[in-house]
$ cat start09.cif   # mmCIF, C-alpha atoms
data_coords
#
loop_
_atom_site.label_atom_id
_atom_site.label_comp_id
_atom_site.auth_asym_id
_atom_site.auth_seq_id
_atom_site.Cartn_x
_atom_site.Cartn_y
_atom_site.Cartn_z
CA MET A 50 121.30 139.05 -29.77
CA LEU A 51 124.72 140.17 -28.58
CA THR A 52 126.37 141.35 -31.79
CA THR A 53 127.84 144.71 -30.82
CA ARG A 54 131.57 145.10 -30.37
CA PRO A 55 132.66 144.73 -26.72
CA VAL A 56 133.65 148.34 -26.13
CA GLY A 57 132.15 151.11 -24.02
CA ARG A 58 129.86 150.70 -21.02
CA GLY A 59 129.33 147.06 -20.13
CA ALA A 60 132.21 145.94 -22.33
CA ALA A 61 133.78 143.74 -19.66
CA ALA A 62 130.54 141.78 -19.22
CA ARG A 63 130.20 141.30 -22.98
CA LYS A 64 133.75 139.96 -23.22
CA TYR A 65 133.00 137.36 -20.56
CA ASP A 66 129.71 136.51 -22.25
CA ILE A 67 131.53 135.77 -25.52
CA LEU A 68 134.06 133.54 -23.80
CA THR A 69 131.37 131.81 -21.73
CA ALA A 70 129.25 131.09 -24.80
CA LEU A 71 132.25 129.66 -26.60
CA GLY A 72 133.27 127.53 -23.62
CA ALA A 73 129.76 126.13 -23.07
CA HIS A 74 129.56 125.28 -26.76
CA ALA A 75 132.88 123.44 -26.63
CA LEU A 76 132.06 121.42 -23.51
CA ALA A 77 129.04 119.87 -25.23
CA ALA A 78 130.97 119.03 -28.40
CA GLY A 79 133.49 116.44 -29.51
CA ARG A 80 137.20 116.52 -28.89
CA SER A 81 138.23 118.26 -32.11
CA GLU A 82 135.65 121.01 -31.55
CA GLN A 83 136.78 121.40 -27.96
CA ILE A 84 140.39 121.82 -29.03
CA LEU A 85 139.51 124.39 -31.69
CA ALA A 86 137.41 126.40 -29.24
CA LEU A 87 140.05 126.17 -26.51
CA ARG A 88 142.69 127.44 -28.91
CA LEU A 89 140.50 130.40 -29.85
CA ILE A 90 139.68 131.18 -26.22
CA THR A 91 143.37 131.11 -25.33
CA LEU A 92 144.24 133.31 -28.28
CA ILE A 93 141.54 135.80 -27.33
CA THR A 94 142.49 136.01 -23.66
CA ALA A 95 146.21 136.20 -24.36
CA ARG A 96 146.45 138.44 -27.40
CA TYR A 97 143.16 140.07 -28.40
CA ASN A 98 143.27 143.87 -28.35
CA TRP A 99 139.77 144.78 -27.22
CA GLY A 100 140.41 148.51 -27.39
CA ARG A 101 141.26 148.33 -31.09
CA ASP A 102 139.04 145.29 -31.68
CA GLU A 103 141.75 143.34 -33.45
CA LEU A 104 144.08 140.39 -33.20
CA THR A 105 147.55 140.99 -34.55
CA VAL A 106 149.89 138.09 -33.87
CA GLY A 107 152.27 136.02 -35.97
CA GLN A 108 151.99 132.32 -36.71
CA ARG A 109 155.19 131.56 -34.83
CA GLU A 110 153.86 133.19 -31.67
CA ILE A 111 150.54 131.38 -32.01
CA ALA A 112 152.37 128.08 -32.49
CA ARG A 113 154.29 128.68 -29.27
CA LEU A 114 151.12 129.63 -27.40
CA TRP A 115 149.24 126.55 -28.65
CA SER A 116 152.23 124.18 -28.32
CA VAL A 117 151.91 123.11 -31.97
CA ASP A 118 153.83 123.63 -35.21
CA GLU A 119 153.14 126.43 -37.68
CA ARG A 120 151.45 124.05 -40.13
CA THR A 121 148.83 123.30 -37.48
CA VAL A 122 148.42 127.03 -36.86
CA LYS A 123 147.71 127.63 -40.55
CA ARG A 124 145.14 124.84 -40.60
CA GLU A 125 143.37 125.93 -37.41
CA MET A 126 143.32 129.61 -38.34
CA ALA A 127 141.83 128.63 -41.70
CA LYS A 128 139.12 126.69 -39.84
CA LEU A 129 138.33 129.68 -37.65
CA ARG A 130 138.10 131.94 -40.67
CA GLY A 131 135.96 129.38 -42.47
CA ARG A 132 133.58 129.29 -39.51
CA GLY A 133 133.37 133.06 -39.54
CA TRP A 134 134.65 133.18 -35.96
CA LEU A 135 137.65 135.20 -37.12
CA GLU A 136 137.51 137.78 -39.89
CA LEU A 137 140.62 138.77 -41.83
CA LEU A 138 141.19 142.52 -41.75
CA ARG A 139 144.56 142.60 -43.47
CA ALA A 140 146.56 139.75 -44.94
CA GLY A 141 150.08 139.12 -43.74
CA ALA A 142 153.00 140.21 -45.90
CA ARG A 143 156.77 140.26 -45.61
CA GLY A 144 157.61 141.90 -42.32
CA ARG A 145 153.96 142.27 -41.35
CA VAL A 146 151.63 139.81 -39.63
CA ALA A 147 147.98 139.33 -40.53
CA GLU A 148 145.27 141.23 -38.66
CA TYR A 149 141.97 139.65 -37.60
CA ARG A 150 138.92 140.50 -35.57
CA LEU A 151 136.26 138.37 -33.94
CA GLY A 152 133.20 137.48 -36.03
CA ILE A 153 130.91 138.03 -33.06
CA GLU A 154 127.61 137.64 -34.89
CA ARG A 155 128.55 134.27 -36.38
CA LEU A 156 130.13 133.09 -33.14
CA MET A 157 126.94 133.91 -31.24
CA GLN A 158 124.79 132.11 -33.80
CA ASP A 159 126.91 128.96 -33.62
CA THR A 160 127.05 128.86 -29.82
CA ARG A 161 123.40 129.71 -29.25
CA PRO A 162 122.23 126.13 -28.48
CA GLY A 163 124.42 126.13 -25.35
CA TRP A 164 123.20 129.36 -23.78
CA GLU A 165 120.41 127.78 -21.74
CA ARG A 166 122.93 125.41 -20.17
CA VAL A 167 124.65 128.42 -18.65
CA GLY A 168 121.37 129.73 -17.27
CA PRO A 169 118.16 131.52 -18.30
CA ASP A 170 119.57 134.91 -17.25
CA PHE A 171 122.56 134.39 -19.53
CA ALA A 172 120.38 133.32 -22.46
CA HIS A 173 118.05 136.28 -21.95
CA ARG A 174 120.94 138.74 -21.84
CA LEU A 175 122.43 137.45 -25.08
CA GLU A 176 119.06 137.31 -26.80
CA GLU A 177 118.57 141.02 -26.25
CA THR A 178 119.17 143.45 -29.10
CA PRO A 179 121.25 146.29 -27.63
CA ALA A 180 120.27 149.86 -28.45
CA ASP A 181 122.91 152.24 -27.15
CA ASP A 182 122.95 150.22 -23.92
CA LYS A 183 119.56 151.62 -22.93
CA VAL A 184 117.26 149.58 -20.71
CA VAL A 185 113.69 149.39 -21.95
CA PRO A 186 111.23 149.05 -19.07
CA LEU A 187 108.53 146.43 -19.18
CA PRO A 188 105.06 147.81 -19.92
CA VAL A 189 103.27 148.91 -16.75
CA ARG A 190 99.54 149.61 -16.62
CA GLY A 191 98.26 152.67 -14.82
CA GLU A 192 100.11 155.20 -12.72
CA VAL A 193 103.09 154.10 -10.69
CA PRO A 194 102.74 155.35 -7.10
CA PRO A 195 105.89 156.86 -5.57
CA PRO A 196 107.67 154.86 -2.86
CA ASP A 197 107.34 155.71 0.82
CA PRO A 198 110.58 157.31 2.08
CA SER A 199 109.37 157.71 5.66
CA ASP A 200 111.87 155.26 7.19
CA GLY A 201 114.69 157.57 6.09
CA SER A 202 117.00 154.81 4.89
CA GLU A 203 119.36 155.49 2.00
CA TRP A 204 117.52 152.94 -0.13
CA SER A 205 114.06 154.45 0.52
CA LEU A 206 115.36 157.88 -0.39
CA ALA A 207 117.19 156.54 -3.45
CA ARG A 208 114.00 154.83 -4.60
CA THR A 209 112.19 158.17 -4.63
CA VAL A 210 114.96 159.59 -6.82
CA LEU A 211 114.76 156.65 -9.21
CA HIS A 212 110.98 156.82 -9.37
CA ALA A 213 111.09 160.54 -10.19
CA GLU A 214 113.64 159.93 -12.96
CA GLU A 215 111.76 157.13 -14.73
CA PRO A 216 108.58 155.69 -13.19
CA GLY A 217 108.27 152.87 -15.74
CA LEU A 218 111.76 151.61 -15.15
CA TYR A 219 111.24 151.90 -11.41
CA ALA A 220 108.04 149.85 -11.57
CA SER A 221 109.56 147.16 -13.79
CA TRP A 222 112.88 146.51 -12.08
CA ILE A 223 113.49 148.64 -9.00
CA ARG A 224 110.28 148.50 -6.97
CA ALA A 225 110.74 144.79 -6.25
CA LEU A 226 114.22 145.26 -4.77
CA THR A 227 114.36 145.28 -0.98
CA ARG A 228 117.07 146.43 1.38
CA THR A 229 118.55 143.54 3.36
CA GLY A 230 121.60 145.07 4.97
CA ARG A 231 124.42 147.60 5.08
CA ALA A 232 128.03 146.95 6.03
CA GLY A 233 130.19 150.04 5.77
CA GLY A 234 129.82 151.31 2.22
CA ARG A 235 128.26 148.08 0.95
CA LEU A 236 124.50 148.13 0.53
CA THR A 237 122.85 144.75 -0.03
CA LEU A 238 119.60 144.51 -1.99
CA SER A 239 117.48 141.43 -2.55
CA ALA A 240 115.70 140.62 -5.82
CA PRO A 241 112.70 138.27 -6.18
CA SER A 242 114.45 135.92 -8.63
CA ARG A 243 117.84 135.03 -10.09
CA PHE A 244 116.79 136.44 -13.43
CA HIS A 245 115.69 139.71 -11.87
CA ALA A 246 118.95 140.02 -9.92
CA ALA A 247 121.08 139.23 -12.97
CA TYR A 248 119.24 141.75 -15.11
CA VAL A 249 119.52 144.52 -12.56
CA GLU A 250 123.17 143.73 -11.91
CA THR A 251 123.97 143.85 -15.63
CA HIS A 252 121.97 146.91 -16.61
CA LEU A 253 121.11 149.03 -13.60
CA THR A 254 123.80 148.76 -10.91
CA ALA A 255 125.51 152.01 -11.90
CA ARG A 256 122.19 153.86 -11.85
CA LEU A 257 121.24 152.44 -8.46
CA LEU A 258 124.62 153.34 -7.02
CA ALA A 259 124.40 156.89 -8.36
CA ALA A 260 120.96 157.35 -6.79
CA CYS A 261 122.15 155.98 -3.45
CA ARG A 262 125.22 158.20 -3.47
CA ALA A 263 123.02 161.19 -4.24
CA VAL A 264 121.38 160.75 -0.82
CA ASP A 265 124.28 159.10 1.04
CA ASP A 266 127.80 159.43 -0.33
CA GLY A 267 128.97 156.75 2.08
CA VAL A 268 127.52 154.07 -0.22
CA THR A 269 130.34 152.74 -2.37
CA GLU A 270 129.00 149.38 -3.56
CA ILE A 271 125.70 147.64 -4.23
CA VAL A 272 125.38 143.87 -3.94
CA LEU A 273 122.43 141.96 -5.39
CA THR A 274 121.17 138.77 -3.74
CA VAL A 275 118.10 136.61 -4.27
CA GLY A 276 115.59 136.36 -1.49
#
$ encode --input "start09.cif" --output "structure tokens"
Amino acid sequence: MLTTRPVGRGAAARKYDILTALGAHALAAGRSEQILALRLITLITARYNWGRDELTVGQREIARLWSVDERTVKREMAKLRGRGWLELLRAGARGRVAEYRLGIERLMQDTRPGWERVGPDFAHRLEETPADDKVVPLPVRGEVPPPDPSDGSEWSLARTVLHAEEPGLYASWIRALTRTGRAGGRLTLSAPSRFHAAYVETHLTARLLAACRAVDDGVTEIVLTVG
């Protein structure tokens, strides 16, 4: 399950996953839950410091952002802390505002019933347990034959590079990708399913691009489609 802090490689995707999970949860809930979630989403997008993994903002500023009074801010922030969606790092004091951070593990647990409504690829991604952002290939029986590079295209040559680097990963996720077009620096690849495309796009795009650029430095972008 997505519980790591949204920093490092893939951080941008994890941030959007957190907000998407929270939004999907809210849309299936009652009005009071929707308002609480919307307030948190707005607070995150407007004021959360992802680099330092903290939220440092005063009640007056939150009240202005939410268009409410400070009493409502106190009540709603207490709810968010009670849920475990916000964790208090340092209490506020005279001349100093309180510091919080997201309780990602609890937030993910509470929003989990709504993941499938976003899509099976989204649910699968969040169900994964990250391990240093490494991709574990699916088990493959027998030897994995190398691809045929005889057509000389950048993708055929890149596939041979990827196969040589990690045959299991190649067999699990890369072998099924087919070249469907090239426009300038944009290389378009087709995956056999939406899930396959989403997984490759999330975990392997940088690796595919590096392999393509190793054989053709004119490739600047890889686009995944479903065919």
$ resolve_selection --input "start09.cif" --expression "the PyMOL selection byres ((chain A and resi 138) around 7)" --output "tab-separated table (two decimals) with C-alpha atoms, in the coordinates of the input"
chain	number	residue	atom	x	y	z
A	136	GLU	CA	137.51	137.78	-39.89
A	137	LEU	CA	140.62	138.77	-41.83
A	139	ARG	CA	144.56	142.60	-43.47
A	140	ALA	CA	146.56	139.75	-44.94
A	148	GLU	CA	145.27	141.23	-38.66
A	149	TYR	CA	141.97	139.65	-37.60
A	150	ARG	CA	138.92	140.50	-35.57
$ resolve_selection --input "start09.cif" --expression "the PyMOL selection byres ((chain A and resi 261-271) around 8)" --output "ChimeraX atom specification"
/A:203-204,206-207,233-238,254,257-260,272-273
$ write_last_selection --input "start09.cif" --atoms "C-alpha atoms" --output "mmCIF file, in the frame of the given file"
data_model
loop_
_atom_site.group_PDB
_atom_site.id
_atom_site.type_symbol
_atom_site.label_atom_id
_atom_site.label_comp_id
_atom_site.auth_asym_id
_atom_site.auth_seq_id
_atom_site.Cartn_x
_atom_site.Cartn_y
_atom_site.Cartn_z
ATOM 1 C CA GLU A 203 119.360 155.490 2.000
ATOM 2 C CA TRP A 204 117.520 152.940 -0.130
ATOM 3 C CA LEU A 206 115.360 157.880 -0.390
ATOM 4 C CA ALA A 207 117.190 156.540 -3.450
ATOM 5 C CA GLY A 233 130.190 150.040 5.770
ATOM 6 C CA GLY A 234 129.820 151.310 2.220
ATOM 7 C CA ARG A 235 128.260 148.080 0.950
ATOM 8 C CA LEU A 236 124.500 148.130 0.530
ATOM 9 C CA THR A 237 122.850 144.750 -0.030
ATOM 10 C CA LEU A 238 119.600 144.510 -1.990
ATOM 11 C CA THR A 254 123.800 148.760 -10.910
ATOM 12 C CA LEU A 257 121.240 152.440 -8.460
ATOM 13 C CA LEU A 258 124.620 153.340 -7.020
ATOM 14 C CA ALA A 259 124.400 156.890 -8.360
ATOM 15 C CA ALA A 260 120.960 157.350 -6.790
ATOM 16 C CA VAL A 272 125.380 143.870 -3.940
ATOM 17 C CA LEU A 273 122.430 141.960 -5.390
#
$ atom_distance --input "start09.cif" --atom1 "CA of Val122 in chain A" --atom2 "CA of Asp66 in chain A"
25.6 Å
$ closest_residue --input "start09.cif" --among "A:Trp164, A:His252, A:Gly107, A:Ile90" --to "Ala142 in chain A" --atoms "only C-alpha atoms"
A:Gly107
$ residues_around --input "start09.cif" --residues "Tyr248 in chain A" --least-positions-apart "2" --cutoff "9 Å" --atoms "all atoms listed in the file" --output "list in words"
Asp170, His173, Arg174, Trp222, Arg243, Phe244, His245, Ala246, Glu250, Thr251, His252 and Leu253 of chain A
$ residues_near_point --input "start09.cif" --point "(141.7, 126.5, -25.0)" --cutoff "12 Å" --atoms "all atoms listed in the file" --output "PDB file with C-alpha atoms, keeping the file's coordinate frame"
ATOM      1  CA  LEU A  68     134.060 133.540 -23.800  1.00  0.00           C
ATOM      2  CA  LEU A  71     132.250 129.660 -26.600  1.00  0.00           C
ATOM      3  CA  GLY A  72     133.270 127.530 -23.620  1.00  0.00           C
ATOM      4  CA  ALA A  75     132.880 123.440 -26.630  1.00  0.00           C
ATOM      5  CA  LEU A  76     132.060 121.420 -23.510  1.00  0.00           C
ATOM      6  CA  ARG A  80     137.200 116.520 -28.890  1.00  0.00           C
ATOM      7  CA  SER A  81     138.230 118.260 -32.110  1.00  0.00           C
ATOM      8  CA  GLU A  82     135.650 121.010 -31.550  1.00  0.00           C
ATOM      9  CA  GLN A  83     136.780 121.400 -27.960  1.00  0.00           C
ATOM     10  CA  ILE A  84     140.390 121.820 -29.030  1.00  0.00           C
ATOM     11  CA  LEU A  85     139.510 124.390 -31.690  1.00  0.00           C
ATOM     12  CA  ALA A  86     137.410 126.400 -29.240  1.00  0.00           C
ATOM     13  CA  LEU A  87     140.050 126.170 -26.510  1.00  0.00           C
ATOM     14  CA  ARG A  88     142.690 127.440 -28.910  1.00  0.00           C
ATOM     15  CA  LEU A  89     140.500 130.400 -29.850  1.00  0.00           C
ATOM     16  CA  ILE A  90     139.680 131.180 -26.220  1.00  0.00           C
ATOM     17  CA  THR A  91     143.370 131.110 -25.330  1.00  0.00           C
ATOM     18  CA  LEU A  92     144.240 133.310 -28.280  1.00  0.00           C
ATOM     19  CA  ILE A  93     141.540 135.800 -27.330  1.00  0.00           C
ATOM     20  CA  THR A  94     142.490 136.010 -23.660  1.00  0.00           C
ATOM     21  CA  ALA A  95     146.210 136.200 -24.360  1.00  0.00           C
ATOM     22  CA  LEU A 114     151.120 129.630 -27.400  1.00  0.00           C
ATOM     23  CA  TRP A 115     149.240 126.550 -28.650  1.00  0.00           C
ATOM     24  CA  SER A 116     152.230 124.180 -28.320  1.00  0.00           C
TER      25      SER A 116
END
$ resolve_selection --input "start09.cif" --expression "the PyMOL selection byres ((chain A and resi 227) around 8)" --output "compact mmCIF listing (two decimals) with C-alpha atoms, in the frame of the given file"
# COMPACT_ATOMS: atom_id res chain seq x y z
CA ARG A 224 110.28 148.50 -6.97
CA ALA A 225 110.74 144.79 -6.25
CA LEU A 226 114.22 145.26 -4.77
CA ARG A 228 117.07 146.43 1.38
CA THR A 229 118.55 143.54 3.36
CA LEU A 238 119.60 144.51 -1.99
CA SER A 239 117.48 141.43 -2.55
CA ALA A 240 115.70 140.62 -5.82
$ closest_residue --input "start09.cif" --among "A:Asp102, A:Glu215, A:Asp159, A:Glu119" --to "Pro194 in chain A" --atoms "only C-alpha atoms"
A:Glu215
$ atom_distance --input "start09.cif" --atom1 "CA of Ser205 in chain A" --atom2 "CA of Ala247 in chain A"
21.5 Å
$ atom_distance --input "start09.cif" --atom1 "CA of Arg120 in chain A" --atom2 "CA of Ala73 in chain A"
27.7 Å
$ residues_around --input "start09.cif" --residues "Glu165 in chain A" --least-positions-apart "4" --cutoff "12 Å" --atoms "only C-alpha atoms" --output "number ranges by chain"
A: 69-70, 73-74, 160-161, 169-176
$ closest_residue --input "start09.cif" --among "A:Tyr65, A:Tyr97, A:Trp134, A:Tyr219" --to "Met157 in chain A" --atoms "all atoms listed in the file"
A:Trp134
$ closest_residue --input "start09.cif" --among "A:Val146, A:Glu154, A:Arg256, A:Ile67" --to "Glu110 in chain A" --atoms "all atoms listed in the file"
A:Val146
$ closest_residue --input "start09.cif" --among "A:Leu218, A:Val106, A:Ala213, A:Ala127" --to "Arg145 in chain A" --atoms "only C-alpha atoms"
A:Val106
